[in-house]
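input.cif (mmCIF, C-alpha atoms)
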data_my_file
#
loop_
_atom_site.label_atom_id
_atom_site.label_comp_id
_atom_site.auth_asym_id
_atom_site.auth_seq_id
_atom_site.Cartn_x
_atom_site.Cartn_y
_atom_site.Cartn_z
CA MET A 1 24.02 -48.72 -13.50
CA GLY A 2 24.10 -47.70 -17.16
CA GLU A 3 27.04 -47.92 -19.48
CA SER A 4 27.89 -44.28 -18.84
CA GLY A 5 28.35 -45.00 -15.16
CA LEU A 6 25.46 -42.73 -14.24
CA LYS A 7 22.50 -44.17 -12.44
CA GLU A 8 19.67 -44.68 -14.86
CA PHE A 9 16.65 -42.54 -14.16
CA GLU A 10 14.03 -44.47 -12.25
CA PRO A 11 10.98 -42.28 -11.76
CA GLU A 12 9.24 -42.34 -8.43
CA ILE A 13 5.55 -42.79 -9.15
CA LEU A 14 2.87 -42.00 -6.64
CA ALA A 15 -0.43 -43.73 -7.31
CA PHE A 16 -3.63 -42.36 -5.83
CA ALA A 17 -6.00 -45.30 -5.94
CA CYS A 18 -9.74 -45.49 -5.30
CA HIS A 19 -10.64 -47.63 -2.30
CA TYR A 20 -13.40 -49.37 -4.20
CA CYS A 21 -11.70 -50.38 -7.44
CA ALA A 22 -8.05 -49.55 -8.18
CA TYR A 23 -6.88 -50.05 -4.61
CA ALA A 24 -8.88 -53.25 -4.34
CA ALA A 25 -7.28 -54.37 -7.59
CA ALA A 26 -3.81 -53.62 -6.22
CA ASP A 27 -4.73 -55.48 -3.05
CA LEU A 28 -5.86 -58.45 -5.09
CA ALA A 29 -2.64 -58.29 -7.10
CA GLY A 30 -0.78 -58.52 -3.81
CA SER A 31 -2.84 -61.52 -2.73
CA MET A 32 -1.97 -63.15 -6.03
CA ARG A 33 1.72 -62.42 -5.36
CA LEU A 34 1.96 -60.35 -8.52
CA GLN A 35 5.01 -58.11 -8.56
CA TYR A 36 5.19 -54.43 -9.41
CA PRO A 37 8.18 -52.08 -9.24
CA THR A 38 9.12 -50.73 -5.84
CA ASN A 39 9.28 -47.19 -7.17
CA VAL A 40 5.50 -47.13 -7.35
CA LYS A 41 3.93 -46.07 -4.07
CA ILE A 42 0.20 -46.29 -3.51
CA ILE A 43 -1.99 -43.98 -1.47
CA LYS A 44 -5.57 -45.05 -0.94
CA LEU A 45 -8.31 -42.51 -1.50
CA PRO A 46 -11.92 -43.05 -0.43
CA CYS A 47 -12.76 -42.29 -4.08
CA SER A 48 -10.62 -41.06 -6.98
CA GLY A 49 -12.96 -38.07 -6.98
CA LYS A 50 -11.15 -37.07 -3.77
CA ILE A 51 -8.00 -36.28 -5.75
CA ASP A 52 -7.06 -32.65 -5.54
CA ILE A 53 -4.54 -30.52 -7.37
CA ILE A 54 -2.91 -29.71 -4.04
CA TYR A 55 -2.25 -33.43 -3.39
CA ILE A 56 -0.53 -33.65 -6.76
CA LEU A 57 1.54 -30.53 -6.18
CA LYS A 58 2.58 -31.68 -2.69
CA ALA A 59 3.58 -35.05 -4.10
CA LEU A 60 5.71 -33.41 -6.79
CA GLU A 61 7.30 -31.13 -4.20
CA ALA A 62 8.05 -34.13 -2.00
CA GLY A 63 9.98 -35.80 -4.80
CA ALA A 64 7.50 -37.76 -6.92
CA ASP A 65 8.34 -37.74 -10.63
CA GLY A 66 4.91 -38.81 -11.78
CA ILE A 67 1.40 -39.20 -10.45
CA LEU A 68 -1.05 -41.94 -11.29
CA VAL A 69 -4.70 -41.46 -10.44
CA ALA A 70 -6.58 -44.73 -10.70
CA GLY A 71 -10.24 -45.26 -10.07
CA MET B 1 -20.02 -11.27 -5.33
CA ILE B 2 -16.76 -9.83 -6.62
CA THR B 3 -15.19 -12.17 -9.14
CA ALA B 4 -11.54 -12.58 -10.00
CA VAL B 5 -9.22 -14.88 -11.92
CA ARG B 6 -5.79 -16.06 -10.89
CA LYS B 7 -2.96 -14.19 -12.56
CA PRO B 8 -0.81 -16.26 -14.94
CA LEU B 9 1.85 -18.12 -12.95
CA ASN B 10 4.77 -16.70 -14.93
CA GLU B 11 3.64 -13.16 -14.18
CA ILE B 12 3.61 -13.89 -10.44
CA ILE B 13 6.95 -15.72 -10.61
CA GLU B 14 8.50 -12.65 -12.22
CA MET B 15 6.96 -10.26 -9.68
CA VAL B 16 8.30 -12.06 -6.64
CA ALA B 17 11.65 -13.11 -8.13
CA PRO B 18 13.77 -10.92 -5.80
CA TYR B 19 12.30 -12.36 -2.59
CA GLU B 20 13.16 -15.52 -0.68
CA LYS B 21 10.38 -15.57 1.88
CA ILE B 22 6.86 -14.65 0.88
CA LEU B 23 3.50 -14.57 2.60
CA VAL B 24 0.74 -15.83 0.31
CA THR B 25 -2.59 -14.58 1.59
CA GLY B 26 -6.02 -15.84 0.65
CA CYS B 27 -9.40 -14.24 1.24
CA GLY B 28 -12.28 -16.28 2.63
CA THR B 29 -15.15 -14.48 0.96
CA CYS B 30 -15.83 -13.74 -2.74
CA VAL B 31 -12.61 -15.15 -4.21
CA THR B 32 -13.03 -18.34 -2.21
CA ILE B 33 -16.47 -18.86 -3.72
CA ASP B 34 -15.20 -18.28 -7.26
CA TYR B 35 -12.14 -20.49 -6.76
CA SER B 36 -9.62 -17.77 -7.55
CA GLY B 37 -8.07 -16.69 -4.24
CA GLY B 38 -9.21 -18.71 -1.23
CA ALA B 39 -7.16 -20.87 1.12
CA LYS B 40 -6.91 -23.64 -1.42
CA GLU B 41 -5.79 -21.37 -4.24
CA ALA B 42 -3.24 -19.76 -1.92
CA ALA B 43 -1.83 -23.20 -1.13
CA ILE B 44 -1.72 -24.10 -4.82
CA LEU B 45 0.03 -20.87 -5.75
CA ALA B 46 2.56 -21.22 -2.92
CA SER B 47 3.34 -24.77 -4.01
CA GLN B 48 3.69 -23.76 -7.67
CA LEU B 49 6.02 -20.91 -6.73
CA ARG B 50 8.19 -23.21 -4.60
CA ILE B 51 8.42 -25.76 -7.41
CA ALA B 52 9.23 -23.08 -9.99
CA ARG B 53 11.91 -21.59 -7.78
CA ARG B 54 13.46 -24.99 -7.11
CA LEU B 55 13.53 -25.75 -10.84
CA GLY B 56 15.51 -22.53 -11.22
CA GLY B 57 17.98 -23.79 -8.63
CA LYS B 58 16.99 -21.28 -5.98
CA LYS B 59 15.19 -21.38 -2.68
CA LEU B 60 11.80 -19.99 -1.78
CA GLU B 61 10.11 -20.18 1.56
CA THR B 62 6.40 -19.45 1.78
CA LEU B 63 3.89 -18.90 4.51
CA GLU B 64 0.19 -19.17 3.74
CA GLN B 65 -2.66 -17.55 5.59
CA THR B 66 -6.28 -16.92 4.73
CA VAL B 67 -8.61 -14.61 6.62
CA GLU B 68 -12.35 -14.19 6.44
CA ARG B 69 -12.18 -10.94 4.46
CA GLN B 70 -9.13 -9.01 3.32
CA CYS B 71 -11.17 -5.83 2.80
CA GLU B 72 -11.50 -5.13 6.53
CA TRP B 73 -8.82 -3.93 8.95
CA GLU B 74 -9.99 -6.26 11.70
CA PHE B 75 -9.33 -9.36 9.62
CA VAL B 76 -6.18 -8.12 7.87
CA LYS B 77 -4.54 -7.51 11.25
CA GLU B 78 -4.39 -11.28 11.62
CA PHE B 79 -1.57 -11.30 9.04
CA THR B 80 0.69 -9.24 11.34
CA ASP B 81 2.84 -12.06 12.73
CA HIS B 82 3.37 -13.82 9.41
CA ALA B 83 3.93 -10.54 7.57
CA ALA B 84 6.71 -9.64 9.98
CA GLU B 85 8.53 -12.84 9.04
CA CYS B 86 8.30 -12.30 5.27
CA GLN B 87 9.97 -10.01 2.77
CA ALA B 88 6.88 -9.59 0.56
CA ILE B 89 3.17 -10.36 0.47
CA ILE B 90 1.05 -11.81 -2.30
CA SER B 91 -2.63 -11.03 -1.85
CA MET B 92 -5.11 -13.21 -3.66
CA ALA B 93 -8.05 -11.02 -2.67
CA CYS B 94 -9.91 -8.62 -4.95
CA GLY B 95 -8.48 -5.15 -5.55
CA ALA B 96 -10.13 -3.86 -2.38
CA GLY B 97 -8.51 -6.58 -0.30
CA ILE B 98 -5.10 -6.10 -1.90
CA GLN B 99 -5.21 -2.37 -1.14
CA THR B 100 -6.28 -3.00 2.44
CA VAL B 101 -3.34 -5.34 2.98
CA ALA B 102 -1.00 -2.87 1.26
CA ALA B 103 -2.16 -0.08 3.57
CA ALA B 104 -1.97 -2.29 6.66
CA PHE B 105 1.64 -3.28 5.96
CA PRO B 106 3.17 -0.20 4.32
CA ASP B 107 6.74 -1.46 4.77
CA LYS B 108 6.14 -4.64 2.73
CA PRO B 109 5.99 -4.92 -1.06
CA ILE B 110 2.55 -6.24 -2.04
CA PHE B 111 1.77 -8.21 -5.18
CA PRO B 112 -1.63 -9.08 -6.63
CA GLY B 113 -2.22 -12.80 -7.15
CA VAL B 114 -5.45 -12.32 -9.07
CA ASN B 115 -6.99 -10.02 -11.63
CA THR B 116 -10.25 -8.67 -10.24
CA ARG B 117 -12.94 -8.77 -12.89
CA PHE B 118 -16.44 -7.67 -11.90
CA ILE B 119 -19.41 -7.85 -9.55
CA GLY B 120 -21.47 -10.73 -10.76
CA MET B 121 -22.88 -14.11 -10.01
CA PRO B 122 -22.23 -17.74 -10.86
CA GLN B 123 -24.57 -18.41 -13.77
CA LYS B 124 -23.76 -22.09 -13.57
CA GLN B 125 -20.89 -24.16 -12.21
CA GLY B 126 -17.69 -22.63 -13.54
CA VAL B 127 -19.33 -19.67 -15.31
CA TRP B 128 -19.63 -16.19 -13.81
CA GLU B 129 -21.44 -13.26 -15.40
CA GLU B 130 -21.25 -9.55 -14.73
CA ARG B 131 -24.33 -8.01 -13.18
CA CYS B 132 -23.51 -4.70 -11.51
CA VAL B 133 -21.22 -1.76 -12.25
CA CYS B 134 -21.90 0.04 -8.95
CA CYS B 135 -23.38 3.08 -10.71
CA GLY B 136 -24.73 4.42 -7.44
CA ASN B 137 -28.24 5.10 -8.75
CA CYS B 138 -30.14 1.86 -9.32
CA VAL B 139 -32.80 1.61 -12.04
CA LEU B 140 -33.54 -2.11 -11.82
CA HIS B 141 -37.15 -1.41 -10.78
CA LEU B 142 -37.72 0.12 -14.23
CA THR B 143 -35.83 -2.41 -16.31
CA GLY B 144 -37.38 -5.69 -15.32
CA GLY B 145 -34.57 -6.53 -12.91
CA LEU B 146 -31.89 -6.44 -15.63
CA CYS B 147 -29.14 -3.84 -15.56
CA PRO B 148 -28.55 -1.98 -18.83
CA PHE B 149 -25.32 -0.49 -17.52
CA ALA B 150 -23.71 -3.79 -16.65
CA ARG B 151 -25.18 -5.80 -19.50
CA CYS B 152 -25.42 -3.47 -22.51
CA ALA B 153 -22.11 -3.01 -24.33
CA LYS B 154 -23.15 0.56 -25.19
CA THR B 155 -24.67 1.34 -21.78
CA LEU B 156 -27.90 2.39 -23.52
CA LEU B 157 -30.73 3.63 -21.34
CA ASN B 158 -33.72 3.92 -23.64
CA GLY B 159 -33.98 0.70 -25.58
CA PRO B 160 -31.74 -1.35 -27.84
CA CYS B 161 -29.46 -0.08 -30.59
CA GLU B 162 -30.11 -1.04 -34.20
CA GLY B 163 -27.49 -3.75 -33.89
CA SER B 164 -29.66 -5.93 -31.66
CA GLN B 165 -30.65 -8.94 -33.76
CA ASN B 166 -32.43 -12.12 -32.76
CA GLY B 167 -31.89 -11.23 -29.12
CA LYS B 168 -28.12 -10.98 -29.52
CA CYS B 169 -25.68 -8.09 -29.09
CA GLU B 170 -23.91 -6.70 -32.16
CA VAL B 171 -20.73 -6.07 -30.23
CA ASN B 172 -20.48 -9.74 -29.32
CA ARG B 173 -22.93 -12.20 -30.88
CA GLU B 174 -22.30 -14.60 -28.02
CA LEU B 175 -23.95 -12.17 -25.62
CA ASP B 176 -27.65 -11.64 -25.14
CA CYS B 177 -29.04 -8.18 -25.89
CA VAL B 178 -30.11 -6.97 -22.47
CA TRP B 179 -32.73 -4.66 -23.96
CA GLN B 180 -34.41 -7.64 -25.61
CA GLN B 181 -34.28 -9.34 -22.23
CA ILE B 182 -35.68 -6.25 -20.52
CA TYR B 183 -38.57 -6.19 -23.00
CA ASP B 184 -39.27 -9.90 -22.46
CA SER B 185 -39.03 -9.53 -18.69
CA LEU B 186 -41.37 -6.53 -18.52
CA LYS B 187 -43.84 -8.24 -20.86
CA GLU B 188 -43.87 -11.29 -18.61
CA LYS B 189 -44.47 -9.10 -15.59
CA GLY B 190 -47.24 -7.17 -17.38
CA ARG B 191 -45.25 -3.96 -16.99
CA LEU B 192 -44.45 -3.01 -20.58
CA ALA B 193 -45.73 0.48 -19.81
CA ASP B 194 -42.48 1.01 -17.86
CA LEU B 195 -40.71 1.21 -21.23
CA ARG B 196 -42.62 4.40 -22.01
CA LYS B 197 -40.70 6.18 -19.32
CA ILE B 198 -37.83 8.04 -20.96
CA PHE B 199 -34.63 8.17 -19.02
CA PRO B 200 -33.24 11.71 -19.10
CA LEU B 201 -29.53 12.38 -19.50
CA ARG B 202 -27.93 10.50 -16.68
CA ASP B 203 -25.78 12.01 -13.97
CA TRP B 204 -22.84 9.62 -13.82
CA SER B 205 -21.22 11.45 -10.92
CA THR B 206 -22.75 8.84 -8.59
CA GLY B 207 -20.62 6.28 -10.39
CA GLU B 208 -16.87 6.05 -10.80
CA ASP B 209 -16.79 9.19 -12.95
CA GLY B 210 -17.25 11.32 -9.84
CA GLY B 211 -13.93 10.27 -8.33
CA TYR B 212 -13.58 7.47 -5.84
CA ARG B 213 -16.62 7.15 -3.67
CA ILE B 214 -16.95 7.36 0.07
CA THR B 215 -20.08 6.33 1.93
CA VAL B 216 -20.54 7.97 5.28
CA ARG B 217 -23.16 6.68 7.69
CA GLU B 218 -23.11 9.01 10.66
CA ASP B 219 -25.59 6.80 12.50
CA MET B 220 -23.07 3.97 12.36
CA MET B 221 -20.03 5.96 13.39
CA LEU B 222 -18.48 5.62 16.81
#

Take the structure in the file and give it back as structure tokens.
Amino acid sequence: MGESGLKEFEPEILAFACHYCAYAAADLAGSMRLQYPTNVKIIKLPCSGKIDIIYILKALEAGADGILVAG
Amino acid sequence: MITAVRKPLNEIIEMVAPYEKILVTGCGTCVTIDYSGGAKEAAILASQLRIARRLGGKKLETLEQTVERQCEWEFVKEFTDHAAECQAIISMACGAGIQTVAAAFPDKPIFPGVNTRFIGMPQKQGVWEERCVCCGNCVLHLTGGLCPFARCAKTLLNGPCEGSQNGKCEVNRELDCVWQQIYDSLKEKGRLADLRKIFPLRDWSTGEDGGYRITVREDMML
């Protein structure tokens, strides 16, 4: 809680990660017990080239504040 | 193919502002191929409209449906159930499709989701060029397969104007002079003699100047 009493803005980030690199890196980070914030959610794509504007729009509609495409 | 471009989002938002439930319809033919009004573009537009409405603190419900072709009664009828549920319809088809939907559902307000541009072809990925103005009296056999009506800014019929320079059009230097292209094409085909044929004054009544056109094929009628 901030000094004003209002909850500080914590953006919900949805990460679309490539199966072959970014997702593997996140997986490795997990194996290494590296921490990352819980407000980042990861969705695995077969390739970051699979990202589509409609995925991004649906994510924003569903409540995501930001999108990360990693690949 | 008929080519179109999506209307600016703000224009569409303004058009449908009074309505709370809208049917967003895509067309599965030309506008799907040129990425302006197919199923995917209908889904994108519906999502954008919902987000915009929510940002304005109001509610919008959308249904999405795409049919094979919006310019035919048989396909447009498939919208009947969804149309009955909605207050208004956005059609992302070309002008012909939009008018077919408008006529099929006369009690519903219809809004165009795209601006229809021309009959043309994809020159390369992401680039479409105009090729045909539907003049109703084709001369492509005499012009090396290049249309002077669709591709000459002055619609000249008997050679280039004096503004043609280095193969470019004087109206827009980015554009090729079609009469230069016609000359090159006929030369390559060994048919330069075709240029000696003088086109007489043209009867444009076969084109749009003769009022809207109706083709009747009695042999095809039931």

Spatial neighbours of segment 69-71 of chain A, max dist 7 Å, all atoms listed in the file, sep filter under 6 positions, as a list in words: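 Non-adjacent residues within range: Ala15, Phe16, Ala17, Cys18, Cys21, Ala22 and Ser48 of chain A.
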
Identify all residues satisfying the PyMOL selection byres ((chain A and resi 57) around 12) in the given file; provide them as a VMD selection string. (chain A and resid 14 51 to 56 58 to 67) or (chain B and resid 40 to 41 43 to 52)

Those same residues, written as a compact mmCIF listing (two decimals), keeping the file's coordinate frame with C-alpha atoms?
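Contents of the output file selection-v8.txt:
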# COMPACT_ATOMS: atom_id res chain seq x y z
CA LEU A 14 2.87 -42.00 -6.64
CA ILE A 51 -8.00 -36.28 -5.75
CA ASP A 52 -7.06 -32.65 -5.54
CA ILE A 53 -4.54 -30.52 -7.37
CA ILE A 54 -2.91 -29.71 -4.04
CA TYR A 55 -2.25 -33.43 -3.39
CA ILE A 56 -0.53 -33.65 -6.76
CA LYS A 58 2.58 -31.68 -2.69
CA ALA A 59 3.58 -35.05 -4.10
CA LEU A 60 5.71 -33.41 -6.79
CA GLU A 61 7.30 -31.13 -4.20
CA ALA A 62 8.05 -34.13 -2.00
CA GLY A 63 9.98 -35.80 -4.80
CA ALA A 64 7.50 -37.76 -6.92
CA ASP A 65 8.34 -37.74 -10.63
CA GLY A 66 4.91 -38.81 -11.78
CA ILE A 67 1.40 -39.20 -10.45
CA LYS B 40 -6.91 -23.64 -1.42
CA GLU B 41 -5.79 -21.37 -4.24
CA ALA B 43 -1.83 -23.20 -1.13
CA ILE B 44 -1.72 -24.10 -4.82
CA LEU B 45 0.03 -20.87 -5.75
CA ALA B 46 2.56 -21.22 -2.92
CA SER B 47 3.34 -24.77 -4.01
CA GLN B 48 3.69 -23.76 -7.67
CA LEU B 49 6.02 -20.91 -6.73
CA ARG B 50 8.19 -23.21 -4.60
CA ILE B 51 8.42 -25.76 -7.41
CA ALA B 52 9.23 -23.08 -9.99

One-decimal distance in Å that lies between atom CA of Pro8 of chain B and atom CA of Asp107 of chain B: 25.8 Å

Do you know which residues the PyMOL selection byres ((chain B and resi 138-155) around 6) returns on this file, as a CSV table (one decimal) with C-alpha atoms, keeping the file's coordinate frame?
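Once everything was written out, this is out22.csv:
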chain,number,residue,atom,x,y,z
B,131,ARG,CA,-24.3,-8.0,-13.2
B,132,CYS,CA,-23.5,-4.7,-11.5
B,133,VAL,CA,-21.2,-1.8,-12.2
B,137,ASN,CA,-28.2,5.1,-8.8
B,156,LEU,CA,-27.9,2.4,-23.5
B,178,VAL,CA,-30.1,-7.0,-22.5
B,182,ILE,CA,-35.7,-6.2,-20.5
B,185,SER,CA,-39.0,-9.5,-18.7
B,186,LEU,CA,-41.4,-6.5,-18.5

Which is closer to chain A than all the others in B:Leu9, B:Glu85, B:Asp203, B:Ala39, using only C-alpha atoms?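 Of B:Leu9, B:Glu85, B:Asp203, B:Ala39, the one nearest chain A is B:Ala39, counting only C-alpha atoms.
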
Near-segment 68-81 of chain B list (12 Å; all atoms listed in the file; drop same-chain fewer than 5 positions) as a ChimeraX atom specification: /B:2,23-33,37-39,63,86,89-108

By how many Å are atom CA of Glu61 of chain B and atom CA of Tyr19 of chain B apart?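 For atom CA of Glu61 of chain B relative to atom CA of Tyr19 of chain B, the distance reads 9.1 Å.
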
When you draw a straight line from atom CA of Ala83 of chain B to atom CA of Tyr212 of chain B, how long is it in Å?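 Between atom CA of Ala83 of chain B and atom CA of Tyr212 of chain B the gap works out to 28.5 Å.
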
Axis-aligned box for all listed atoms of segment 31-36 of chain A, 8 Å per side, centre and edges in Å to one decimal, as lines of an AutoDock Vina configuration file:
center_x = 1.2
center_y = -58.8
center_z = -6.1
size_x = 24.0
size_y = 24.7
size_z = 22.7
